[in-house]
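Source file query_2.csv; content: CSV, C-alpha atoms.
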chain,number,residue,atom,x,y,z
M,95,LEU,CA,29.4,35.0,2.1
M,96,SER,CA,32.4,32.8,1.8
M,97,ASP,CA,32.5,29.5,3.7
M,98,ASN,CA,28.9,29.5,4.9
M,99,LYS,CA,27.9,26.0,3.7
M,100,ILE,CA,25.5,27.3,1.1
M,101,SER,CA,24.7,24.3,-1.1
M,102,SER,CA,21.9,25.5,-3.5
M,103,PHE,CA,20.9,28.4,-5.6
M,104,ASP,CA,17.6,28.4,-3.8
M,105,SER,CA,19.4,29.6,-0.7
M,106,LEU,CA,20.5,32.7,-2.6
M,107,GLU,CA,17.0,33.7,-3.8
M,108,SER,CA,16.9,36.8,-1.6
M,109,LEU,CA,20.1,38.1,-3.3
M,110,PHE,CA,18.5,37.9,-6.7
M,111,ARG,CA,15.9,40.5,-5.6
M,112,LEU,CA,18.6,43.1,-4.8
M,113,LYS,CA,18.6,45.9,-7.4
M,114,SER,CA,22.1,47.2,-7.0
M,115,LEU,CA,24.3,44.3,-5.9
M,116,GLY,CA,27.7,44.9,-7.5
M,117,GLU,CA,30.1,42.5,-5.8
M,118,LEU,CA,29.5,39.0,-4.4
M,119,THR,CA,31.9,36.4,-2.9
M,120,LEU,CA,30.7,32.8,-2.5
M,121,ASP,CA,34.0,30.8,-2.6
M,122,GLY,CA,34.3,28.0,-0.1
M,123,ASN,CA,30.6,27.1,-0.4
M,124,PRO,CA,29.3,23.8,-2.0
M,125,VAL,CA,27.2,25.8,-4.4
M,126,ALA,CA,30.4,27.1,-6.1
M,127,THR,CA,31.1,23.5,-7.4
M,128,ASN,CA,27.8,23.4,-9.4
M,129,ARG,CA,27.9,23.2,-13.1
M,130,TYR,CA,27.4,26.7,-14.7
M,131,TYR,CA,27.8,28.3,-11.2
M,132,ARG,CA,29.4,31.4,-12.5
M,133,GLU,CA,27.3,31.7,-15.6
M,134,TYR,CA,24.1,31.3,-13.6
M,135,LEU,CA,24.9,34.0,-11.1
M,136,VAL,CA,26.2,36.4,-13.8
M,137,ASP,CA,22.9,35.9,-15.7
M,138,ARG,CA,20.6,36.2,-12.7
M,139,ILE,CA,22.3,39.2,-11.1
M,140,LYS,CA,22.6,41.7,-14.0
M,141,THR,CA,24.3,44.4,-11.8
M,142,LEU,CA,27.3,42.2,-10.8
M,143,ARG,CA,30.7,43.8,-11.5
M,144,ALA,CA,32.7,41.1,-9.6
M,145,LEU,CA,32.1,37.5,-8.5
M,146,ASP,CA,34.5,35.8,-6.2
M,147,MET,CA,37.0,38.7,-6.6
M,148,ARG,CA,37.0,38.3,-10.4
M,149,ARG,CA,35.8,41.1,-12.6
M,150,VAL,CA,32.6,40.4,-14.7
M,151,THR,CA,33.0,41.6,-18.2
M,152,GLU,CA,30.3,42.5,-20.8
M,153,GLU,CA,31.5,39.5,-22.9
M,154,GLU,CA,31.1,37.2,-20.0
M,155,LYS,CA,27.6,38.4,-19.4
M,156,ARG,CA,26.7,37.8,-23.1
M,157,VAL,CA,28.2,34.3,-23.0
M,158,ALA,CA,26.5,33.5,-19.7
M,159,THR,CA,23.1,34.5,-21.1
M,160,MET,CA,23.7,32.2,-24.1
M,161,VAL,CA,24.8,29.3,-22.0
M,162,ILE,CA,22.0,29.5,-19.5
M,163,LYS,CA,19.4,29.9,-22.3
M,164,ASN,CA,20.8,26.8,-24.0
M,165,ASP,CA,20.9,24.9,-20.7
M,166,GLU,CA,17.3,25.9,-20.1
M,167,ASN,CA,16.3,24.6,-23.5
M,168,LEU,CA,18.0,21.3,-22.8
M,169,GLU,CA,16.4,21.0,-19.4
M,170,ARG,CA,13.0,21.7,-21.0
M,171,GLN,CA,13.5,19.0,-23.5
M,172,ARG,CA,14.6,16.6,-20.8
M,173,ARG,CA,11.4,17.3,-18.8
M,174,GLU,CA,9.2,16.9,-21.9
M,175,HIS,CA,10.9,13.6,-22.6
M,176,LEU,CA,10.4,12.4,-19.0
M,177,LYS,CA,6.8,13.5,-19.1
M,178,ALA,CA,6.2,11.5,-22.3
M,179,GLU,CA,8.0,8.5,-20.9
M,180,ARG,CA,5.9,8.7,-17.8
M,181,THR,CA,2.6,8.9,-19.7
M,182,HIS,CA,3.6,6.0,-21.9
M,183,SER,CA,4.7,3.8,-19.0
M,184,ILE,CA,1.5,4.4,-16.9
M,185,SER,CA,-0.8,4.0,-19.9
M,186,ALA,CA,0.9,0.6,-20.7
M,187,ILE,CA,0.5,-0.5,-17.1
M,188,GLU,CA,-3.1,0.5,-17.0
M,189,HIS,CA,-3.9,-1.1,-20.4
M,190,ALA,CA,-2.2,-4.4,-19.3
M,191,TRP,CA,-4.2,-4.4,-16.1
M,192,HIS,CA,-7.6,-3.9,-17.7
M,193,SER,CA,-6.8,-6.4,-20.5
M,194,ARG,CA,-5.9,-9.1,-18.0
M,195,HIS,CA,-9.1,-8.6,-16.1
M,196,LYS,CA,-11.2,-8.6,-19.2
M,197,ARG,CA,-9.7,-12.0,-20.1
M,198,GLN,CA,-10.3,-13.3,-16.6
M,199,SER,CA,-14.0,-12.2,-16.7
M,200,LYS,CA,-14.4,-14.2,-20.0
M,201,ASP,CA,-12.4,-17.3,-18.9
M,202,ARG,CA,-12.8,-18.0,-15.1
M,203,LYS,CA,-10.2,-20.8,-15.4
M,204,SER,CA,-7.4,-18.3,-16.3
M,205,LEU,CA,-7.3,-16.6,-12.9
M,206,THR,CA,-3.6,-17.5,-12.1
M,207,LEU,CA,-1.6,-14.4,-11.5
M,208,SER,CA,1.7,-13.9,-13.4
M,209,ARG,CA,4.3,-11.2,-13.6
M,210,SER,CA,5.5,-12.5,-17.0
M,211,GLY,CA,4.4,-10.4,-20.0
M,212,SER,CA,3.5,-7.4,-17.8
M,213,PRO,CA,5.0,-4.0,-18.6
M,214,LYS,CA,7.8,-2.7,-16.4
M,215,GLY,CA,6.6,-0.9,-13.3
M,216,TYR,CA,7.0,2.8,-12.9
M,217,PHE,CA,7.6,4.9,-9.7
M,218,GLU,CA,8.3,8.5,-8.9
M,219,VAL,CA,8.5,10.8,-5.8
M,220,LYS,CA,6.2,13.8,-5.9
M,221,ASP,CA,6.9,16.9,-3.9
M,222,LYS,CA,9.6,14.9,-2.0
M,223,VAL,CA,7.0,13.3,0.3
M,224,THR,CA,4.7,11.2,-1.9
M,225,LEU,CA,5.8,7.9,-3.4
M,226,LEU,CA,3.7,6.9,-6.5
M,227,LEU,CA,3.9,3.2,-7.5
M,228,TYR,CA,2.4,1.8,-10.7
M,229,GLY,CA,2.4,-1.8,-11.6
M,230,ASN,CA,5.2,-3.9,-10.2
M,231,ALA,CA,7.2,-0.9,-9.2
M,232,LEU,CA,7.3,-2.1,-5.6
M,233,GLU,CA,9.6,-4.9,-6.6
M,234,MET,CA,12.0,-2.4,-8.2
M,235,LEU,CA,12.5,-0.2,-5.2
M,236,THR,CA,15.6,-2.0,-3.9
M,237,ALA,CA,17.4,-1.0,-7.1
M,238,ASP,CA,17.1,2.7,-6.2
M,239,MET,CA,19.4,3.1,-3.3
M,240,ARG,CA,18.9,6.9,-3.2
M,241,LEU,CA,15.2,6.4,-2.6
M,242,PHE,CA,15.8,4.1,0.2
M,243,GLN,CA,18.3,6.5,1.8
M,244,GLU,CA,15.7,9.2,1.8
M,245,ARG,CA,12.7,6.9,2.7
M,246,GLU,CA,12.3,8.7,6.0
M,247,LYS,CA,10.9,11.7,4.1
M,248,ILE,CA,8.1,9.8,2.5
M,249,GLU,CA,4.7,10.5,4.1
M,250,THR,CA,2.3,9.1,1.5
M,251,ILE,CA,2.4,5.9,-0.6
M,252,GLU,CA,0.0,5.5,-3.5
M,253,ILE,CA,-0.2,2.1,-5.3
M,254,TYR,CA,-2.0,1.7,-8.6
M,255,PHE,CA,-2.7,-1.3,-10.9
M,256,TYR,CA,-0.9,-3.8,-8.7
M,257,ASP,CA,-2.5,-7.0,-7.4
M,258,VAL,CA,-2.8,-7.1,-3.6
M,259,SER,CA,-1.2,-10.6,-3.4
M,260,PHE,CA,2.0,-9.1,-4.7
M,261,ILE,CA,1.7,-6.1,-2.4
M,262,ILE,CA,1.5,-8.6,0.5
M,263,ASP,CA,4.6,-10.4,-0.8
M,264,ASN,CA,6.5,-7.1,-0.7
M,265,MET,CA,5.1,-5.8,2.6
M,266,ASN,CA,8.5,-5.7,4.2
M,267,LYS,CA,9.6,-3.1,1.7
M,268,LEU,CA,6.5,-0.9,2.6
M,269,LYS,CA,7.3,-1.3,6.3
M,270,ARG,CA,10.7,0.4,5.7
M,271,PHE,CA,8.9,3.7,5.0
M,272,SER,CA,8.2,4.1,8.7
M,273,ASN,CA,7.0,7.7,8.4
M,274,ALA,CA,4.4,7.0,5.7
M,275,THR,CA,1.0,7.3,7.4
M,276,THR,CA,-1.2,7.9,4.3
M,277,PHE,CA,-1.9,5.1,1.8
M,278,VAL,CA,-3.9,5.1,-1.5
M,279,LEU,CA,-4.9,1.7,-3.0
M,280,ARG,CA,-6.5,1.8,-6.4
M,281,HIS,CA,-7.0,-1.1,-8.8
M,282,ASN,CA,-5.5,-3.8,-6.6
M,283,ASP,CA,-8.1,-6.6,-7.0
M,284,ILE,CA,-8.9,-6.6,-3.3
M,285,LYS,CA,-11.9,-8.9,-2.8
M,286,LEU,CA,-11.6,-10.4,0.7
M,287,PHE,CA,-11.2,-9.0,4.2
M,288,ARG,CA,-8.2,-11.1,5.0
M,289,GLN,CA,-6.3,-9.5,2.1
M,290,LEU,CA,-6.4,-6.3,4.2
M,291,ASP,CA,-5.0,-7.8,7.4
M,292,PRO,CA,-1.3,-7.5,6.5
M,293,PHE,CA,-1.6,-3.7,6.2
M,294,SER,CA,-2.0,-3.6,10.0
M,295,ALA,CA,1.9,-3.9,10.0
M,296,CYS,CA,2.0,-0.3,8.7
M,297,ASN,CA,1.3,2.8,10.7
M,298,ILE,CA,-1.7,3.9,8.5
M,299,GLN,CA,-3.6,6.9,9.7
M,300,ASN,CA,-5.2,8.0,6.4
M,301,LEU,CA,-6.4,5.4,3.9
M,302,LEU,CA,-8.1,5.7,0.5
M,303,VAL,CA,-9.3,2.4,-1.1
M,304,THR,CA,-11.1,2.7,-4.4
M,305,ASP,CA,-11.7,0.7,-7.6
M,306,ASN,CA,-11.6,-2.6,-5.6
M,307,LYS,CA,-14.4,-5.1,-5.3
M,308,ILE,CA,-14.2,-5.1,-1.5
M,309,CYS,CA,-15.4,-1.5,-1.4
M,310,SER,CA,-19.0,-2.7,-2.3
M,311,ILE,CA,-19.2,-4.9,0.8
M,312,SER,CA,-21.3,-3.3,3.5
M,313,LEU,CA,-19.0,-4.2,6.4
M,314,PHE,CA,-15.8,-3.0,4.6
M,315,ARG,CA,-15.5,0.2,6.5
M,316,LEU,CA,-16.2,-1.3,9.9
M,317,TYR,CA,-13.8,-4.1,9.3
M,318,LEU,CA,-10.9,-1.7,8.4
M,319,ILE,CA,-11.7,0.4,11.4
M,320,PHE,CA,-11.5,-2.7,13.6
M,321,LYS,CA,-8.4,-4.1,12.0
M,322,LEU,CA,-6.3,-0.9,11.7
M,323,PRO,CA,-6.4,0.8,15.2
M,324,SER,CA,-4.2,3.7,14.0
M,325,LEU,CA,-6.6,4.7,11.3
M,326,LYS,CA,-8.1,8.2,11.6
M,327,VAL,CA,-9.5,8.8,8.1
M,328,LEU,CA,-11.0,6.3,5.7
M,329,ASN,CA,-11.9,7.2,2.2
M,330,ARG,CA,-11.8,10.9,3.0
M,331,VAL,CA,-14.2,10.5,6.0
M,332,ASP,CA,-13.1,11.0,9.6
M,333,ILE,CA,-13.6,7.9,11.8
M,334,SER,CA,-15.8,8.6,14.8
M,335,GLU,CA,-15.7,7.0,18.3
M,336,GLU,CA,-19.1,5.6,17.7
M,337,GLU,CA,-17.9,3.8,14.6
M,338,ARG,CA,-15.0,2.3,16.6
M,339,GLU,CA,-17.4,1.0,19.2
M,340,ILE,CA,-19.7,-0.5,16.6
M,341,ALA,CA,-16.7,-2.1,14.8
M,342,GLN,CA,-15.5,-3.6,18.1
M,343,ARG,CA,-18.9,-5.0,18.8
M,344,LYS,CA,-19.2,-6.6,15.4
M,345,PHE,CA,-15.7,-8.0,15.0
M,346,GLY,CA,-14.4,-8.2,18.5
M,347,PRO,CA,-16.2,-11.5,19.4
M,348,VAL,CA,-15.1,-13.2,16.2
M,349,SER,CA,-11.5,-11.8,16.1
M,350,SER,CA,-10.1,-15.2,17.2
M,351,ILE,CA,-11.9,-17.0,14.3
M,352,PRO,CA,-9.9,-17.3,11.0
M,353,MET,CA,-11.3,-14.8,8.6
M,354,LYS,CA,-11.7,-17.3,5.8
M,355,HIS,CA,-14.2,-19.2,8.0
M,356,LEU,CA,-16.2,-16.1,8.6
M,357,GLU,CA,-16.1,-15.2,4.9
M,358,GLN,CA,-17.4,-18.7,4.0
M,359,VAL,CA,-20.4,-18.2,6.3
M,360,LEU,CA,-21.1,-14.7,5.0
M,361,SER,CA,-21.0,-15.9,1.4
M,362,LYS,CA,-23.4,-18.8,2.1
M,363,ARG,CA,-25.9,-16.6,3.9
M,364,ARG,CA,-25.6,-14.1,1.0
M,365,ASP,CA,-26.5,-16.8,-1.5
M,366,LYS,CA,-29.5,-18.0,0.6
M,367,ASN,CA,-30.9,-14.7,1.5
M,368,THR,CA,-29.8,-11.5,-0.3
M,369,VAL,CA,-30.6,-8.4,1.6
M,370,THR,CA,-31.2,-5.2,-0.5
M,371,LEU,CA,-30.4,-2.1,1.6
M,372,LYS,CA,-32.4,1.1,1.0
M,373,GLU,CA,-32.2,4.5,2.6
M,374,GLY,CA,-33.8,4.9,6.0
M,375,SER,CA,-33.6,3.6,9.6
M,376,LYS,CA,-35.7,0.5,8.8
M,377,SER,CA,-33.1,-0.8,6.3
M,378,ARG,CA,-30.3,0.0,8.8
M,379,LYS,CA,-32.1,-2.0,11.5
M,380,ILE,CA,-32.5,-4.9,9.1
M,381,ALA,CA,-28.8,-4.7,8.2
M,382,ARG,CA,-27.8,-4.7,11.9
M,383,GLN,CA,-30.1,-7.7,12.7
M,384,TYR,CA,-28.6,-9.5,9.7
M,385,VAL,CA,-25.0,-9.0,10.8
M,386,ASP,CA,-25.8,-9.9,14.4
M,387,LYS,CA,-27.4,-13.1,13.2
M,388,VAL,CA,-24.4,-14.0,11.1
M,389,VAL,CA,-22.0,-13.3,14.0
M,390,GLN,CA,-24.1,-15.4,16.4
M,391,GLN,CA,-24.0,-18.3,13.9
M,392,VAL,CA,-20.3,-18.1,13.5
M,393,LEU,CA,-19.8,-18.0,17.2
M,394,ALA,CA,-22.0,-21.0,17.6
M,395,ILE,CA,-20.0,-22.9,15.0
M,396,ASP,CA,-16.8,-21.9,16.6
M,397,LYS,CA,-18.0,-23.1,20.0
M,398,LYS,CA,-19.0,-26.5,18.6
M,399,VAL,CA,-15.6,-26.8,16.9
M,400,HIS,CA,-13.7,-26.0,20.2
M,401,LYS,CA,-16.0,-28.4,22.1
M,402,PHE,CA,-15.3,-31.2,19.6
M,403,HIS,CA,-11.6,-30.7,19.8
M,404,SER,CA,-11.8,-30.8,23.6
M,405,ILE,CA,-13.7,-34.1,23.8
M,406,TRP,CA,-12.1,-35.7,20.8
M,407,PRO,CA,-9.1,-37.2,22.9
M,408,SER,CA,-11.5,-38.8,25.4
M,409,ILE,CA,-13.5,-40.3,22.6
M,410,VAL,CA,-10.4,-41.8,21.0
M,411,ASN,CA,-9.2,-43.1,24.4
M,412,SER,CA,-12.7,-44.7,25.0
M,413,ILE,CA,-12.6,-46.4,21.6
M,414,VAL,CA,-9.1,-47.7,22.2
M,415,ARG,CA,-9.9,-49.0,25.7
M,416,SER,CA,-13.1,-50.7,24.4
M,417,THR,CA,-11.2,-52.3,21.5
M,418,LEU,CA,-8.4,-53.5,23.8
M,419,SER,CA,-11.0,-55.0,26.2
M,420,GLU,CA,-12.8,-56.8,23.4
M,421,LEU,CA,-9.4,-58.2,22.2
M,422,GLU,CA,-8.5,-59.3,25.7
M,423,ALA,CA,-11.9,-61.0,26.2
M,424,SER,CA,-11.5,-62.7,22.8
M,425,ASN,CA,-8.1,-64.0,23.7
M,426,LEU,CA,-9.4,-65.4,27.0
M,427,ASN,CA,-12.2,-67.3,25.3
M,428,GLU,CA,-9.7,-68.7,22.8
M,429,ASP,CA,-7.5,-69.9,25.7
M,430,ARG,CA,-10.5,-71.6,27.4
M,431,GLU,CA,-11.6,-73.3,24.3
M,432,ASN,CA,-8.0,-74.6,23.7
M,433,GLU,CA,-7.9,-75.9,27.3
M,434,GLU,CA,-11.2,-77.8,26.9
M,435,ARG,CA,-10.1,-79.4,23.7
M,436,SER,CA,-6.8,-80.5,25.2

Represent the structure from my file as structure tokens, please.
Amino acid sequence: LSDNKISSFDSLESLFRLKSLGELTLDGNPVATNRYYREYLVDRIKTLRALDMRRVTEEEKRVATMVIKNDENLERQRREHLKAERTHSISAIEHAWHSRHKRQSKDRKSLTLSRSGSPKGYFEVKDKVTLLLYGNALEMLTADMRLFQEREKIETIEIYFYDVSFIIDNMNKLKRFSNATTFVLRHNDIKLFRQLDPFSACNIQNLLVTDNKICSISLFRLYLIFKLPSLKVLNRVDISEEEREIAQRKFGPVSSIPMKHLEQVLSKRRDKNTVTLKEGSKSRKIARQYVDKVVQQVLAIDKKVHKFHSIWPSIVNSIVRSTLSELEASNLNEDRENEERS
């Protein structure tokens, strides 16, 4: 098997199942440059008598077994250390997140976001296709060039314990993972619809949003369906064509209105008249009427604003002309009076 571009021991797995393999030649393959290459093969293939045209002795077999066993122990220790480090990092990030929000709930004046004092972020790639981001790990990605070189393999991105405003600040980094179509957002302090708008820049087909305040808003699902046309599954539920039509009816007419204006109207109406939704068709009918009324109110306000902007120049011109006419008349009267006196 010389010079066959074999680069890993995984490619030789079928050889390890042979019960009487006596001679093997792998020179000229990248795998032959691996550390403990000879020891590994001698230990795995007990029947080998020659490897790369060199005789395998009983002493070499004994040493190979010891080396591989020692290496496996070191690898196990390394994995245990990495596991403990991972657990500690994620726990510290989660603790810092909940502590900050507890302080904010006690003192509403301390809502200013800050990266200072926060634990270092943590990220890892799971099963070669899933990128897990904890805390401010998104800001650290540029430091890992290997990850960016292999970003085309990433299909899923999960973000935990990281404020949505910082995610938006780093949206360009997320967009580089062009093949990522599944996103998970948990504990990101998402409260407003407009905080979800920047995610339309990503090709999201499957989205899971949990542990965020916005999830409790009744229009949350319809708004995301409207705002993310590529979306096929939301919170583990397939999106139907009927839902797309409803979302278009609800948000299509107001799509040109800044979302912050719509949110202000929604919040005011919610304060004046809180609607409690219960199971059944009657409550759904009430909810639809309520939403339609809000939409109509927003459209009416927007129409008045546009009309005002359209007539405002003529109003200003009329005032200016009237003022100039009055000034001109006043000047004429003064001239007449001066003539009569003279």

Discussion item. Which residues are close to Gly116 (chain M), i.e. within 6 Å by only C-alpha atoms, leaving aside same-chain residues fewer than 4 positions away? Reply as JSON, numbers by chain.
Written reply: {"M": [141, 142, 143]}

Worksheet item: Counting only C-alpha atoms, what is within 8 Å of region 211-222 of chain M, bar same-chain residues fewer than 3 positions away, as a PyMOL selection string?
Response: chain M and resi 180+183-184+186-187+190+208+225-232+234+247-248

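Atom pair CA of Val150 (chain M) / CA of Leu168 (chain M) has a distance of 25.4 Å (rounded to one decimal).
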
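Note that CA of Arg415 (chain M) and CA of Glu431 (chain M) are 24.4 Å apart.
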
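In this model, the gap between CA of Asn282 (chain M) and CA of Phe255 (chain M) comes to 5.7 Å.
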
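Across M:Leu313, M:Val414, M:Ala158, M:Ile100, the tightest approach to Asn123 (chain M) is made by M:Ile100 when counting only C-alpha atoms.
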
Worksheet item: Looking at all atoms listed in the file, which of M:Val258, M:Leu328, M:Ile253, M:Leu241 is the one that sits closest to Arg270 (chain M)?
Response: M:Leu241

Worksheet item: Which neighbours of region 160-162 of chain M fall inside 7 Å, counting only C-alpha atoms, when residues of the same chain fewer than 3 positions from it are skipped, and could you give them as a PyMOL selection string?
Response: chain M and resi 133-134+156-157+165-166

Would you mind exporting the chosen residues as a PDB file, in the frame of the given file, restricted to C-alpha atoms?
ATOM      1  CA  GLU M 133      27.300  31.700 -15.600  1.00  0.00           C
ATOM      2  CA  TYR M 134      24.100  31.300 -13.600  1.00  0.00           C
ATOM      3  CA  ARG M 156      26.700  37.800 -23.100  1.00  0.00           C
ATOM      4  CA  VAL M 157      28.200  34.300 -23.000  1.00  0.00           C
ATOM      5  CA  ASP M 165      20.900  24.900 -20.700  1.00  0.00           C
ATOM      6  CA  GLU M 166      17.300  25.900 -20.100  1.00  0.00           C
TER       7      GLU M 166
END

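For Leu118 (chain M), the residues within 9 Å (counting all atoms listed in the file, excluding itself and residues fewer than 5 positions away along the chain) are M:Leu95, M:Leu142, M:Arg143, M:Ala144, M:Leu145, M:Asp146, M:Met147.
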
Subset file as a PDB file, in the first residue's frame: region 215-224 of chain M, all heavy atoms:
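Produced file selection_7.pdb, reproduced below:
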ATOM      1  N   GLY M 215     -14.783  33.958  27.336  1.00  0.00           N
ATOM      2  CA  GLY M 215     -15.704  33.110  26.598  1.00  0.00           C
ATOM      3  C   GLY M 215     -15.099  31.738  26.311  1.00  0.00           C
ATOM      4  O   GLY M 215     -13.897  31.514  26.452  1.00  0.00           O
ATOM      5  N   TYR M 216     -15.963  30.829  25.892  1.00  0.00           N
ATOM      6  CA  TYR M 216     -15.513  29.458  25.590  1.00  0.00           C
ATOM      7  C   TYR M 216     -16.235  28.993  24.332  1.00  0.00           C
ATOM      8  O   TYR M 216     -17.436  29.206  24.159  1.00  0.00           O
ATOM      9  CB  TYR M 216     -15.843  28.529  26.759  1.00  0.00           C
ATOM     10  CG  TYR M 216     -15.508  27.080  26.493  1.00  0.00           C
ATOM     11  CD1 TYR M 216     -14.236  26.585  26.728  1.00  0.00           C
ATOM     12  CD2 TYR M 216     -16.476  26.205  25.993  1.00  0.00           C
ATOM     13  CE1 TYR M 216     -13.918  25.259  26.481  1.00  0.00           C
ATOM     14  CE2 TYR M 216     -16.165  24.873  25.735  1.00  0.00           C
ATOM     15  CZ  TYR M 216     -14.887  24.405  25.983  1.00  0.00           C
ATOM     16  OH  TYR M 216     -14.574  23.090  25.727  1.00  0.00           O
ATOM     17  N   PHE M 217     -15.498  28.358  23.425  1.00  0.00           N
ATOM     18  CA  PHE M 217     -16.133  27.786  22.246  1.00  0.00           C
ATOM     19  C   PHE M 217     -15.495  26.446  21.902  1.00  0.00           C
ATOM     20  O   PHE M 217     -14.347  26.170  22.248  1.00  0.00           O
ATOM     21  CB  PHE M 217     -16.054  28.740  21.044  1.00  0.00           C
ATOM     22  CG  PHE M 217     -14.677  28.897  20.457  1.00  0.00           C
ATOM     23  CD1 PHE M 217     -14.222  28.042  19.467  1.00  0.00           C
ATOM     24  CD2 PHE M 217     -13.844  29.912  20.884  1.00  0.00           C
ATOM     25  CE1 PHE M 217     -12.964  28.182  18.919  1.00  0.00           C
ATOM     26  CE2 PHE M 217     -12.581  30.073  20.336  1.00  0.00           C
ATOM     27  CZ  PHE M 217     -12.133  29.208  19.357  1.00  0.00           C
ATOM     28  N   GLU M 218     -16.278  25.614  21.227  1.00  0.00           N
ATOM     29  CA  GLU M 218     -15.782  24.309  20.785  1.00  0.00           C
ATOM     30  C   GLU M 218     -16.562  23.864  19.562  1.00  0.00           C
ATOM     31  O   GLU M 218     -17.679  24.336  19.318  1.00  0.00           O
ATOM     32  CB  GLU M 218     -15.921  23.278  21.907  1.00  0.00           C
ATOM     33  CG  GLU M 218     -17.363  22.981  22.292  1.00  0.00           C
ATOM     34  CD  GLU M 218     -17.462  21.951  23.407  1.00  0.00           C
ATOM     35  OE1 GLU M 218     -16.422  21.414  23.794  1.00  0.00           O
ATOM     36  OE2 GLU M 218     -18.586  21.699  23.880  1.00  0.00           O
ATOM     37  N   VAL M 219     -15.970  22.976  18.798  1.00  0.00           N
ATOM     38  CA  VAL M 219     -16.632  22.395  17.629  1.00  0.00           C
ATOM     39  C   VAL M 219     -16.999  20.959  17.967  1.00  0.00           C
ATOM     40  O   VAL M 219     -16.144  20.153  18.321  1.00  0.00           O
ATOM     41  CB  VAL M 219     -15.727  22.438  16.382  1.00  0.00           C
ATOM     42  CG1 VAL M 219     -16.420  21.761  15.208  1.00  0.00           C
ATOM     43  CG2 VAL M 219     -15.367  23.878  16.036  1.00  0.00           C
ATOM     44  N   LYS M 220     -18.270  20.651  17.855  1.00  0.00           N
ATOM     45  CA  LYS M 220     -18.787  19.326  18.191  1.00  0.00           C
ATOM     46  C   LYS M 220     -19.112  18.565  16.917  1.00  0.00           C
ATOM     47  O   LYS M 220     -19.802  19.076  16.026  1.00  0.00           O
ATOM     48  CB  LYS M 220     -20.049  19.482  19.056  1.00  0.00           C
ATOM     49  CG  LYS M 220     -20.671  18.186  19.501  1.00  0.00           C
ATOM     50  CD  LYS M 220     -21.918  18.474  20.324  1.00  0.00           C
ATOM     51  CE  LYS M 220     -22.607  17.183  20.744  1.00  0.00           C
ATOM     52  NZ  LYS M 220     -23.863  17.462  21.502  1.00  0.00           N
ATOM     53  N   ASP M 221     -18.584  17.356  16.843  1.00  0.00           N
ATOM     54  CA  ASP M 221     -18.841  16.474  15.687  1.00  0.00           C
ATOM     55  C   ASP M 221     -18.481  17.134  14.354  1.00  0.00           C
ATOM     56  O   ASP M 221     -19.079  16.822  13.313  1.00  0.00           O
ATOM     57  CB  ASP M 221     -20.311  16.039  15.660  1.00  0.00           C
ATOM     58  CG  ASP M 221     -20.699  15.270  16.905  1.00  0.00           C
ATOM     59  OD1 ASP M 221     -19.838  14.588  17.465  1.00  0.00           O
ATOM     60  OD2 ASP M 221     -21.869  15.387  17.329  1.00  0.00           O
ATOM     61  N   LYS M 222     -17.536  18.056  14.395  1.00  0.00           N
ATOM     62  CA  LYS M 222     -16.980  18.722  13.201  1.00  0.00           C
ATOM     63  C   LYS M 222     -17.953  19.642  12.472  1.00  0.00           C
ATOM     64  O   LYS M 222     -17.562  20.342  11.533  1.00  0.00           O
ATOM     65  CB  LYS M 222     -16.441  17.684  12.210  1.00  0.00           C
ATOM     66  CG  LYS M 222     -15.308  16.838  12.758  1.00  0.00           C
ATOM     67  CD  LYS M 222     -14.792  15.880  11.701  1.00  0.00           C
ATOM     68  CE  LYS M 222     -13.648  15.028  12.249  1.00  0.00           C
ATOM     69  NZ  LYS M 222     -13.114  14.093  11.229  1.00  0.00           N
ATOM     70  N   VAL M 223     -19.229  19.685  12.872  1.00  0.00           N
ATOM     71  CA  VAL M 223     -20.210  20.485  12.132  1.00  0.00           C
ATOM     72  C   VAL M 223     -20.988  21.466  13.018  1.00  0.00           C
ATOM     73  O   VAL M 223     -21.714  22.319  12.499  1.00  0.00           O
ATOM     74  CB  VAL M 223     -21.220  19.585  11.391  1.00  0.00           C
ATOM     75  CG1 VAL M 223     -20.524  18.754  10.316  1.00  0.00           C
ATOM     76  CG2 VAL M 223     -21.972  18.687  12.366  1.00  0.00           C
ATOM     77  N   THR M 224     -20.843  21.363  14.335  1.00  0.00           N
ATOM     78  CA  THR M 224     -21.601  22.219  15.250  1.00  0.00           C
ATOM     79  C   THR M 224     -20.663  23.099  16.052  1.00  0.00           C
ATOM     80  O   THR M 224     -19.780  22.603  16.750  1.00  0.00           O
ATOM     81  CB  THR M 224     -22.462  21.368  16.213  1.00  0.00           C
ATOM     82  OG1 THR M 224     -23.364  20.560  15.453  1.00  0.00           O
ATOM     83  CG2 THR M 224     -23.270  22.266  17.145  1.00  0.00           C
TER      84      THR M 224
END
